[in-house]
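Novice: What follows is data-v3.cif; its format and atoms are mmCIF, C-alpha atoms.
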```cif
data_coords
#
loop_
_atom_site.label_atom_id
_atom_site.label_comp_id
_atom_site.auth_asym_id
_atom_site.auth_seq_id
_atom_site.Cartn_x
_atom_site.Cartn_y
_atom_site.Cartn_z
CA MET A 1 53.01 20.00 -27.89
CA ARG A 2 52.06 23.14 -25.97
CA THR A 3 48.74 23.35 -27.88
CA TYR A 4 48.01 19.69 -27.12
CA CYS A 5 48.62 20.21 -23.39
CA LYS A 6 46.28 23.22 -23.39
CA MET A 7 43.55 21.10 -24.99
CA ILE A 8 43.94 18.37 -22.34
CA ILE A 9 43.86 20.91 -19.52
CA GLY A 10 40.77 22.55 -21.04
CA LEU A 11 38.94 19.23 -21.23
CA LEU A 12 39.79 18.47 -17.60
CA VAL A 13 38.48 21.87 -16.49
CA VAL A 14 35.19 21.43 -18.39
CA THR A 15 34.72 17.90 -16.99
CA ALA A 16 35.33 19.10 -13.44
CA ALA A 17 32.91 21.98 -13.88
CA ILE A 18 30.17 19.66 -15.12
CA ALA A 19 30.72 17.28 -12.23
CA ILE A 20 30.62 20.06 -9.64
CA GLY A 21 27.49 21.49 -11.21
CA GLY A 22 25.64 18.20 -10.93
CA GLY A 23 25.53 17.55 -14.68
CA PHE A 24 27.72 14.48 -14.61
CA PHE A 25 26.26 11.18 -13.49
CA PRO A 26 28.41 8.08 -13.12
CA SER A 27 25.70 5.90 -14.59
CA GLU A 28 24.64 8.06 -17.53
CA ALA A 29 26.67 6.05 -20.00
CA LYS A 30 24.31 3.08 -19.70
CA GLU A 31 20.63 2.34 -19.16
CA ILE A 32 19.54 1.85 -15.55
CA VAL A 33 17.02 -0.97 -15.21
CA ILE A 34 14.52 -0.96 -12.35
CA LYS A 35 12.79 -4.27 -11.71
CA LEU A 36 9.56 -3.43 -9.87
CA ALA A 37 7.35 -6.08 -8.25
CA HIS A 38 3.81 -5.75 -6.90
CA PRO A 39 1.01 -8.24 -6.17
CA ASN A 40 -1.88 -6.61 -8.00
CA VAL A 41 -3.45 -7.07 -11.44
CA PRO A 42 -2.58 -4.47 -14.13
CA GLN A 43 -6.13 -3.10 -14.37
CA HIS A 44 -6.30 -2.28 -10.65
CA PRO A 45 -5.44 1.37 -9.79
CA MET A 46 -2.19 0.10 -8.28
CA GLY A 47 -1.26 -1.55 -11.57
CA GLU A 48 -2.24 1.59 -13.48
CA GLY A 49 -0.24 3.68 -11.04
CA TYR A 50 2.93 1.69 -11.60
CA GLU A 51 2.48 1.95 -15.38
CA LEU A 52 2.29 5.72 -14.93
CA PHE A 53 5.43 5.65 -12.77
CA LYS A 54 7.23 3.72 -15.52
CA ALA A 55 6.17 6.12 -18.28
CA ASP A 56 6.88 9.24 -16.22
CA LEU A 57 10.33 8.14 -15.02
CA GLU A 58 11.47 6.93 -18.42
CA LYS A 59 10.39 10.24 -19.99
CA ARG A 60 11.64 12.42 -17.11
CA SER A 61 15.10 10.82 -17.25
CA GLY A 62 15.36 11.04 -21.02
CA GLY A 63 15.45 7.27 -21.32
CA LEU A 64 18.20 6.79 -18.74
CA PHE A 65 15.86 4.60 -16.66
CA ARG A 66 13.94 1.55 -17.88
CA VAL A 67 11.27 0.13 -15.58
CA ASP A 68 10.32 -3.54 -15.91
CA ILE A 69 7.10 -4.30 -14.00
CA TYR A 70 6.36 -7.70 -12.46
CA ASP A 71 2.65 -7.48 -11.57
CA SER A 72 0.31 -10.10 -10.07
CA SER A 73 3.09 -11.52 -7.82
CA LYS A 74 4.96 -12.75 -10.91
CA TYR A 75 8.29 -12.00 -9.24
CA GLY A 76 7.36 -14.20 -6.29
CA ASN A 77 5.81 -14.05 -2.86
CA PHE A 78 6.47 -11.48 -0.16
CA ASP A 79 9.65 -13.22 1.03
CA ALA A 80 11.08 -13.27 -2.49
CA VAL A 81 10.40 -9.55 -2.89
CA VAL A 82 12.03 -8.66 0.44
CA GLN A 83 15.10 -10.78 -0.28
CA GLY A 84 15.38 -9.30 -3.76
CA LEU A 85 15.29 -5.76 -2.37
CA GLN A 86 17.84 -6.55 0.33
CA MET A 87 20.24 -8.11 -2.18
CA GLY A 88 19.69 -5.38 -4.76
CA VAL A 89 18.62 -7.81 -7.50
CA LEU A 90 15.11 -6.32 -7.26
CA GLN A 91 15.13 -2.55 -7.23
CA MET A 92 11.55 -1.65 -6.20
CA GLY A 93 8.47 -3.33 -4.74
CA SER A 94 5.47 -2.77 -2.51
CA ASP A 95 3.34 -4.61 0.02
CA ALA A 96 1.09 -3.98 3.01
CA PRO A 97 2.96 -2.38 5.95
CA ASN A 98 1.80 -5.12 8.34
CA ASN A 99 3.80 -7.67 6.34
CA PHE A 100 6.95 -5.77 7.34
CA SER A 101 6.09 -6.04 11.03
CA VAL A 102 8.59 -8.92 11.17
CA PHE A 103 11.22 -6.14 10.99
CA ASN A 104 9.34 -3.59 13.08
CA PRO A 105 6.13 -4.58 14.93
CA LYS A 106 4.97 -0.94 14.93
CA LEU A 107 4.22 -1.31 11.22
CA MET A 108 0.96 -2.94 12.32
CA PHE A 109 -0.12 0.60 13.26
CA LEU A 110 -2.80 0.84 10.56
CA ASP A 111 -4.28 -2.58 11.40
CA MET A 112 -5.81 -1.26 14.59
CA PRO A 113 -9.63 -0.97 14.21
CA PHE A 114 -11.42 2.30 13.57
CA VAL A 115 -8.34 4.49 14.21
CA ILE A 116 -8.37 6.09 10.73
CA PRO A 117 -11.80 7.68 10.09
CA SER A 118 -11.30 9.06 6.56
CA TYR A 119 -9.00 9.27 3.56
CA GLU A 120 -7.93 12.76 4.65
CA ALA A 121 -6.86 11.27 7.98
CA ALA A 122 -5.03 8.44 6.18
CA ASP A 123 -3.00 10.94 4.14
CA LEU A 124 -2.22 12.95 7.27
CA ILE A 125 -0.82 9.92 9.08
CA THR A 126 0.99 8.13 6.25
CA ASP A 127 2.53 11.24 4.65
CA GLY A 128 3.32 12.88 7.99
CA PRO A 129 5.99 12.26 10.63
CA ILE A 130 4.39 9.04 11.92
CA GLY A 131 4.28 7.28 8.56
CA LYS A 132 7.73 8.52 7.52
CA GLU A 133 9.37 7.47 10.77
CA LEU A 134 7.93 3.96 10.60
CA ALA A 135 8.88 3.53 6.94
CA GLY A 136 12.38 4.78 7.77
CA ALA A 137 12.81 2.04 10.36
CA LEU A 138 13.30 -0.46 7.52
CA GLU A 139 16.57 1.15 6.41
CA LYS A 140 18.61 -1.02 8.77
CA ASN A 141 17.20 -4.01 6.87
CA GLY A 142 18.48 -2.70 3.54
CA ILE A 143 15.13 -1.27 2.40
CA LEU A 144 14.09 2.36 1.96
CA GLY A 145 10.47 3.56 1.97
CA LEU A 146 9.50 5.99 -0.78
CA GLY A 147 5.99 6.47 0.61
CA TYR A 148 2.52 4.97 0.78
CA ILE A 149 -0.03 4.27 -1.93
CA GLU A 150 -3.56 3.05 -1.41
CA ILE A 151 -5.63 -0.09 -1.12
CA GLY A 152 -8.60 1.36 0.79
CA PHE A 153 -10.89 0.74 3.74
CA ARG A 154 -12.04 -2.76 4.61
CA GLN A 155 -15.67 -3.62 3.82
CA ILE A 156 -17.61 -6.89 4.13
CA PHE A 157 -18.74 -8.73 0.99
CA ALA A 158 -21.14 -11.49 2.07
CA ASN A 159 -23.78 -13.90 0.86
CA ARG A 160 -26.21 -12.62 3.50
CA PRO A 161 -27.02 -9.08 4.67
CA ILE A 162 -24.94 -7.76 7.59
CA ARG A 163 -26.71 -4.79 9.15
CA THR A 164 -26.00 -5.35 12.84
CA LEU A 165 -23.56 -7.13 15.12
CA GLU A 166 -26.19 -9.82 15.54
CA ASP A 167 -26.15 -10.43 11.77
CA ALA A 168 -22.37 -10.77 11.85
CA LYS A 169 -22.33 -13.40 14.58
CA GLY A 170 -20.93 -16.72 13.36
CA LEU A 171 -20.21 -15.41 9.84
CA LYS A 172 -17.51 -17.61 8.30
CA ILE A 173 -15.32 -14.94 6.75
CA ARG A 174 -12.06 -15.11 4.86
CA ALA A 175 -9.25 -13.43 6.78
CA THR A 176 -5.62 -12.69 6.03
CA HIS A 177 -2.93 -14.20 8.24
CA SER A 178 -2.62 -10.88 10.11
CA LYS A 179 -3.16 -11.51 13.82
CA ALA A 180 -4.73 -8.07 14.16
CA HIS A 181 -7.17 -8.70 11.29
CA ILE A 182 -8.21 -12.02 12.84
CA ALA A 183 -8.64 -10.38 16.26
CA ILE A 184 -10.90 -7.68 14.79
CA LEU A 185 -13.18 -10.20 13.11
CA LYS A 186 -13.38 -12.37 16.23
CA SER A 187 -14.26 -9.36 18.37
CA LEU A 188 -17.20 -8.73 16.02
CA GLY A 189 -18.45 -12.28 16.60
CA MET A 190 -17.34 -13.66 13.22
CA ASN A 191 -15.48 -16.86 12.44
CA PRO A 192 -12.30 -15.78 10.59
CA THR A 193 -10.92 -18.43 8.23
CA PRO A 194 -7.54 -17.91 6.52
CA VAL A 195 -7.74 -18.70 2.80
CA ALA A 196 -4.89 -18.25 0.31
CA TRP A 197 -5.49 -15.28 -1.95
CA GLY A 198 -5.56 -17.34 -5.13
CA GLU A 199 -8.29 -19.57 -3.69
CA VAL A 200 -10.64 -16.87 -2.39
CA TYR A 201 -12.99 -16.67 -5.40
CA THR A 202 -13.53 -20.45 -5.43
CA ALA A 203 -13.99 -20.52 -1.64
CA LEU A 204 -16.72 -17.87 -1.87
CA GLN A 205 -18.31 -19.54 -4.89
CA GLN A 206 -18.41 -22.93 -3.20
CA LYS A 207 -19.45 -21.36 0.13
CA THR A 208 -16.41 -22.68 1.94
CA VAL A 209 -16.55 -19.18 3.42
CA ASP A 210 -19.60 -16.90 3.51
CA ALA A 211 -17.84 -13.57 3.22
CA ILE A 212 -14.61 -11.63 2.77
CA ASP A 213 -13.37 -8.48 4.47
CA ILE A 214 -11.76 -6.44 1.68
CA ASP A 215 -11.71 -3.00 0.07
CA LEU A 216 -14.01 -2.05 -2.78
CA ASN A 217 -11.40 -1.88 -5.56
CA LEU A 218 -9.80 -5.24 -4.86
CA ALA A 219 -13.22 -6.84 -4.59
CA TRP A 220 -14.35 -5.30 -7.87
CA PHE A 221 -11.27 -6.15 -9.94
CA ASN A 222 -11.31 -9.71 -8.61
CA LYS A 223 -15.04 -10.04 -9.43
CA PHE A 224 -16.20 -10.84 -5.90
CA PRO A 225 -19.50 -8.93 -6.36
CA GLU A 226 -20.46 -11.63 -8.88
CA ILE A 227 -20.71 -14.17 -6.05
CA THR A 228 -21.53 -12.03 -3.00
CA LYS A 229 -24.80 -10.12 -3.18
CA TYR A 230 -24.37 -7.95 -0.06
CA VAL A 231 -21.76 -5.31 0.77
CA THR A 232 -21.60 -3.73 4.23
CA LEU A 233 -19.52 -0.55 4.41
CA THR A 234 -17.85 -1.11 7.78
CA ARG A 235 -14.56 0.78 7.15
CA SER A 236 -13.06 -1.21 10.01
CA PHE A 237 -9.48 -0.31 9.15
CA TYR A 238 -7.42 1.33 6.43
CA SER A 239 -5.03 -0.59 4.16
CA PRO A 240 -2.20 1.05 2.19
CA HIS A 241 0.87 -0.31 0.45
CA LEU A 242 4.37 0.85 1.33
CA VAL A 243 6.45 1.47 -1.80
CA LEU A 244 10.05 0.40 -1.27
CA ILE A 245 13.39 0.72 -2.99
CA SER A 246 16.56 -1.27 -2.46
CA LYS A 247 19.05 0.66 -0.32
CA ALA A 248 21.96 -0.97 -2.18
CA PHE A 249 20.50 0.24 -5.48
CA TRP A 250 19.59 3.70 -4.19
CA GLN A 251 23.07 4.42 -2.90
CA LYS A 252 24.57 3.82 -6.34
CA LEU A 253 22.43 6.54 -7.91
CA ALA A 254 23.45 10.14 -8.43
CA PRO A 255 21.41 12.82 -6.60
CA GLN A 256 19.62 13.82 -9.81
CA GLU A 257 18.66 10.22 -10.50
CA GLN A 258 17.26 9.86 -6.99
CA ALA A 259 15.32 13.10 -7.47
CA TRP A 260 13.75 11.81 -10.69
CA ILE A 261 12.54 8.66 -8.92
CA ASN A 262 11.03 10.70 -6.07
CA GLU A 263 9.32 13.06 -8.53
CA SER A 264 7.85 10.23 -10.59
CA PHE A 265 6.67 8.48 -7.44
CA ALA A 266 4.87 11.67 -6.33
CA VAL A 267 3.06 11.79 -9.70
CA MET A 268 2.09 8.14 -9.40
CA GLN A 269 0.99 8.45 -5.75
CA LYS A 270 -1.35 11.36 -6.47
CA PHE A 271 -2.91 9.58 -9.45
CA GLN A 272 -3.25 6.22 -7.71
CA ARG A 273 -4.95 7.57 -4.59
CA ALA A 274 -7.36 9.66 -6.67
CA LYS A 275 -8.22 6.62 -8.82
CA ILE A 276 -8.88 4.36 -5.81
CA ARG A 277 -11.17 6.94 -4.23
CA GLY A 278 -12.89 7.95 -7.45
CA ASN A 279 -13.61 4.33 -8.33
CA GLU A 280 -15.50 3.66 -5.11
CA SER A 281 -18.70 5.52 -6.02
CA MET A 282 -18.64 3.88 -9.46
CA ILE A 283 -18.24 0.42 -7.92
CA ILE A 284 -21.07 1.00 -5.45
CA GLU A 285 -23.42 2.13 -8.23
CA LYS A 286 -22.51 -0.85 -10.43
CA ILE A 287 -23.11 -3.28 -7.58
CA LYS A 288 -26.56 -1.74 -7.03
CA ALA A 289 -27.33 -1.77 -10.75
CA SER A 290 -26.54 -5.49 -10.96
CA GLY A 291 -28.96 -6.32 -8.14
CA GLY A 292 -26.58 -6.24 -5.21
CA GLU A 293 -27.29 -4.41 -1.95
CA VAL A 294 -24.91 -1.90 -0.38
CA ILE A 295 -25.47 -1.47 3.37
CA GLU A 296 -24.27 1.56 5.32
CA LEU A 297 -24.16 1.10 9.09
CA THR A 298 -26.25 3.61 11.00
CA PRO A 299 -24.24 5.92 13.31
CA GLU A 300 -25.64 4.06 16.32
CA GLU A 301 -24.74 0.66 14.90
CA ARG A 302 -21.28 1.84 13.88
CA ALA A 303 -20.71 2.96 17.48
CA ARG A 304 -21.55 -0.59 18.60
CA TRP A 305 -18.93 -2.02 16.20
CA ILE A 306 -16.31 0.42 17.48
CA LYS A 307 -17.14 -0.53 21.08
CA ALA A 308 -17.00 -4.26 20.25
CA THR A 309 -13.44 -3.90 18.91
CA ALA A 310 -12.20 -1.59 21.69
CA ASP A 311 -10.05 -4.32 23.28
CA VAL A 312 -8.15 -5.19 20.08
CA ALA A 313 -5.58 -2.35 20.15
CA PRO A 314 -4.72 -2.87 23.86
CA SER A 315 -4.14 -6.57 23.16
CA PHE A 316 -1.40 -5.54 20.70
CA ALA A 317 0.22 -3.02 23.05
CA LYS A 318 3.62 -4.73 22.78
CA GLU A 319 3.60 -4.40 18.99
CA VAL A 320 1.79 -1.07 18.64
CA PRO A 321 2.31 1.02 21.80
CA PRO A 322 -0.79 2.81 23.15
CA GLU A 323 1.06 6.12 22.91
CA LEU A 324 1.44 5.62 19.15
CA ILE A 325 -2.31 5.03 18.77
CA GLU A 326 -2.99 8.08 20.93
CA GLU A 327 -0.58 10.19 18.85
CA MET A 328 -2.41 9.18 15.68
CA ARG A 329 -5.81 10.01 17.15
CA ARG A 330 -4.58 13.31 18.60
CA THR A 331 -3.02 14.32 15.27
CA ILE A 332 -6.25 13.58 13.39
CA LYS A 333 -8.31 15.45 15.97
CA GLU A 334 -6.07 18.51 16.01
CA LYS A 335 -5.55 18.78 12.24
CA LEU A 336 -8.91 17.59 10.92
CA ASN A 337 -11.26 17.69 13.93
CA GLN A 338 -12.33 14.11 13.15
#
```
Could you render the structure from this file as structure tokens?

Specialist:
Amino acid sequence: MRTYCKMIIGLLVVTAAIAIGGGFFPSEAKEIVIKLAHPNVPQHPMGEGYELFKADLEKRSGGLFRVDIYDSSKYGNFDAVVQGLQMGVLQMGSDAPNNFSVFNPKLMFLDMPFVIPSYEAADLITDGPIGKELAGALEKNGILGLGYIEIGFRQIFANRPIRTLEDAKGLKIRATHSKAHIAILKSLGMNPTPVAWGEVYTALQQKTVDAIDIDLNLAWFNKFPEITKYVTLTRSFYSPHLVLISKAFWQKLAPQEQAWINESFAVMQKFQRAKIRGNESMIIEKIKASGGEVIELTPEERARWIKATADVAPSFAKEVPPELIEEMRRTIKEKLNQ
């Protein structure tokens, strides 16, 4: 009896020591499934990035995690993703920050024209205090921001050459439902026309619209260069995706499990951004090789476009305070001299 009691006490001591040392996880007895939803096609750098996240996390955790990816909006639209995250039935997802402006209007901060001049500046803002603070504002809505991945800078794909503001006047261009995006295009003299994403290719093909304002990678992987001969590199504003995780799900995880997710996300983020940026020169060369024309605005013309959109940010002062825009510009100037 005495020997049996000693064995029980010994087991309790070992168990306590493991728990204190961080080696015991409440969920390690069963597989943890992460349902992850995003709107892009698998071959896009975003899709590739999430496949890397899946492989890295499953390996890093020794098979504790299993990631099931719902690409191409297969899980549902933006509302379905948000509701899934809030309820904890969807564990991870991503979308453009401006879509979350219904929770915090300041998340339109990257929709303001010509505020972000380069990818280095984009990283500085999104990975720094400004981006982290704005992502953190979603916590009260049951959503946590892991960080930002990339879509890219907006460019114009059109069926006629756009070299000047005069060329842009009256251009019937597909726009998102973002009020800021529409305001930018109107300030440039264009005629923004909202078209559902799934109907854009047909709309361009049938000339329901003459152009689309979109980044190079999304245009390429959706085959828009096949039906738009001209690309004007305007870089009017920068578009990322905010990667999110359900707060209800996150709080059930042990610290080590949370750390694995953060580490795998960092691997994915670095790869995905590099792939987006590296693809751009390839895409430009392929467009040229297939007979398309890539137009770079002259410095003088670019200055005219910046001046033409100068009133857009002030018109959204209630949503994106002027001091936030100024803080972004000051940070970029001080850190990068851009």

Novice: If we count only C-alpha atoms and set the cut-off at 12 Å, which residues sit around Tyr75 in chain A, ignoring sequence neighbours fewer than 3 positions away in its own chain? Please answer as a PyMOL selection string.

Specialist: chain A and resi 35-40+68-72+78-85+89-94

Novice: What would the file look like if the residues just selected were written as a PDB file, keeping the file's coordinate frame with C-alpha atoms?

Specialist:
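Wrote out.pdb, looks like this:
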```pdb
ATOM      1  CA  LYS A  35      12.790  -4.270 -11.710  1.00  0.00           C
ATOM      2  CA  LEU A  36       9.560  -3.430  -9.870  1.00  0.00           C
ATOM      3  CA  ALA A  37       7.350  -6.080  -8.250  1.00  0.00           C
ATOM      4  CA  HIS A  38       3.810  -5.750  -6.900  1.00  0.00           C
ATOM      5  CA  PRO A  39       1.010  -8.240  -6.170  1.00  0.00           C
ATOM      6  CA  ASN A  40      -1.880  -6.610  -8.000  1.00  0.00           C
ATOM      7  CA  ASP A  68      10.320  -3.540 -15.910  1.00  0.00           C
ATOM      8  CA  ILE A  69       7.100  -4.300 -14.000  1.00  0.00           C
ATOM      9  CA  TYR A  70       6.360  -7.700 -12.460  1.00  0.00           C
ATOM     10  CA  ASP A  71       2.650  -7.480 -11.570  1.00  0.00           C
ATOM     11  CA  SER A  72       0.310 -10.100 -10.070  1.00  0.00           C
ATOM     12  CA  PHE A  78       6.470 -11.480  -0.160  1.00  0.00           C
ATOM     13  CA  ASP A  79       9.650 -13.220   1.030  1.00  0.00           C
ATOM     14  CA  ALA A  80      11.080 -13.270  -2.490  1.00  0.00           C
ATOM     15  CA  VAL A  81      10.400  -9.550  -2.890  1.00  0.00           C
ATOM     16  CA  VAL A  82      12.030  -8.660   0.440  1.00  0.00           C
ATOM     17  CA  GLN A  83      15.100 -10.780  -0.280  1.00  0.00           C
ATOM     18  CA  GLY A  84      15.380  -9.300  -3.760  1.00  0.00           C
ATOM     19  CA  LEU A  85      15.290  -5.760  -2.370  1.00  0.00           C
ATOM     20  CA  VAL A  89      18.620  -7.810  -7.500  1.00  0.00           C
ATOM     21  CA  LEU A  90      15.110  -6.320  -7.260  1.00  0.00           C
ATOM     22  CA  GLN A  91      15.130  -2.550  -7.230  1.00  0.00           C
ATOM     23  CA  MET A  92      11.550  -1.650  -6.200  1.00  0.00           C
ATOM     24  CA  GLY A  93       8.470  -3.330  -4.740  1.00  0.00           C
ATOM     25  CA  SER A  94       5.470  -2.770  -2.510  1.00  0.00           C
TER      26      SER A  94
END
```

Novice: So what does the PyMOL selection byres ((chain A and resi 191) around 8) actually pick up in this one, as a PyMOL selection string?

Specialist: chain A and resi 169-173+185-186+189-190+192-193

Novice: Starting from the shown file, work through the PyMOL selection byres ((chain A and resi 134) around 12) and note down what comes out as a count of residues only.

Specialist: 35

Novice: I want to know what sits within 7 Å of range 217-226 of chain A, based on all atoms listed in the file, with residues of the same chain fewer than 2 positions away left out; could you give that as an MDAnalysis selection string?

Specialist: chainID A and resid 44 201 214:215 228:229 276 280 283 287

Novice: Using all atoms listed in the file, which residues sit within 10 Å of range 305-309 of chain A once same-chain residues fewer than 5 positions away are excluded, as a list in words?

Specialist: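 Here the qualifying residues turn out to be Met112, Pro113, Phe114, Val115, Thr164, Leu165, Ala183, Ile184, Leu185, Lys186, Ser187, Leu188, Gly189, Thr234, Ser236, Leu297, Pro299 and Glu300 of chain A.
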
Novice: Find the distance between CA of Arg302 in chain A and CA of Pro117 in chain A and write it in Å to one decimal.

Specialist: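 Between these atoms lies a distance of 11.8 Å.
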
Novice: Just so the selection is clear, what residues does the PyMOL selection byres ((chain A and resi 162) around 10) cover here, as number ranges by chain?

Specialist: A: 156-161, 163-169, 171, 230-234, 294-297

Novice: For CA of Glu326 in chain A and CA of Phe153 in chain A, determine how far apart the two atoms are, in Å to one decimal place.

Specialist: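 So the two atoms, CA of Glu326 in chain A and CA of Phe153 in chain A, lie 20.3 Å apart.
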
Novice: Go through A:Ala248, A:Ala122, A:Val41, A:Leu204 and flag the residue nearest Arg329 in chain A, using all atoms listed in the file for the distances.

Specialist: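 Selected residue with least distance to Arg329 in chain A: A:Ala122.
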
Novice: I need the residue nearest Asp213 in chain A from this list: A:Lys74, A:Lys333, A:Lys252, A:Arg235. Use all atoms listed in the file for the distance.

Specialist: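 Checking each of A:Lys74, A:Lys333, A:Lys252, A:Arg235 against Asp213 in chain A, counting all atoms listed in the file, the winner is A:Arg235.
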
Novice: Ranking A:Gln272, A:Asn337, A:Ser264, A:Thr331 by minimum distance to Phe65 in chain A and counting only C-alpha atoms, which one comes first?

Specialist: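 The answer is A:Ser264, which sits nearest to Phe65 in chain A.
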
Novice: Rounded to one decimal place, report the CA of Thr208 in chain A-CA of Asp95 in chain A distance in Å.

Specialist: 26.8 Å
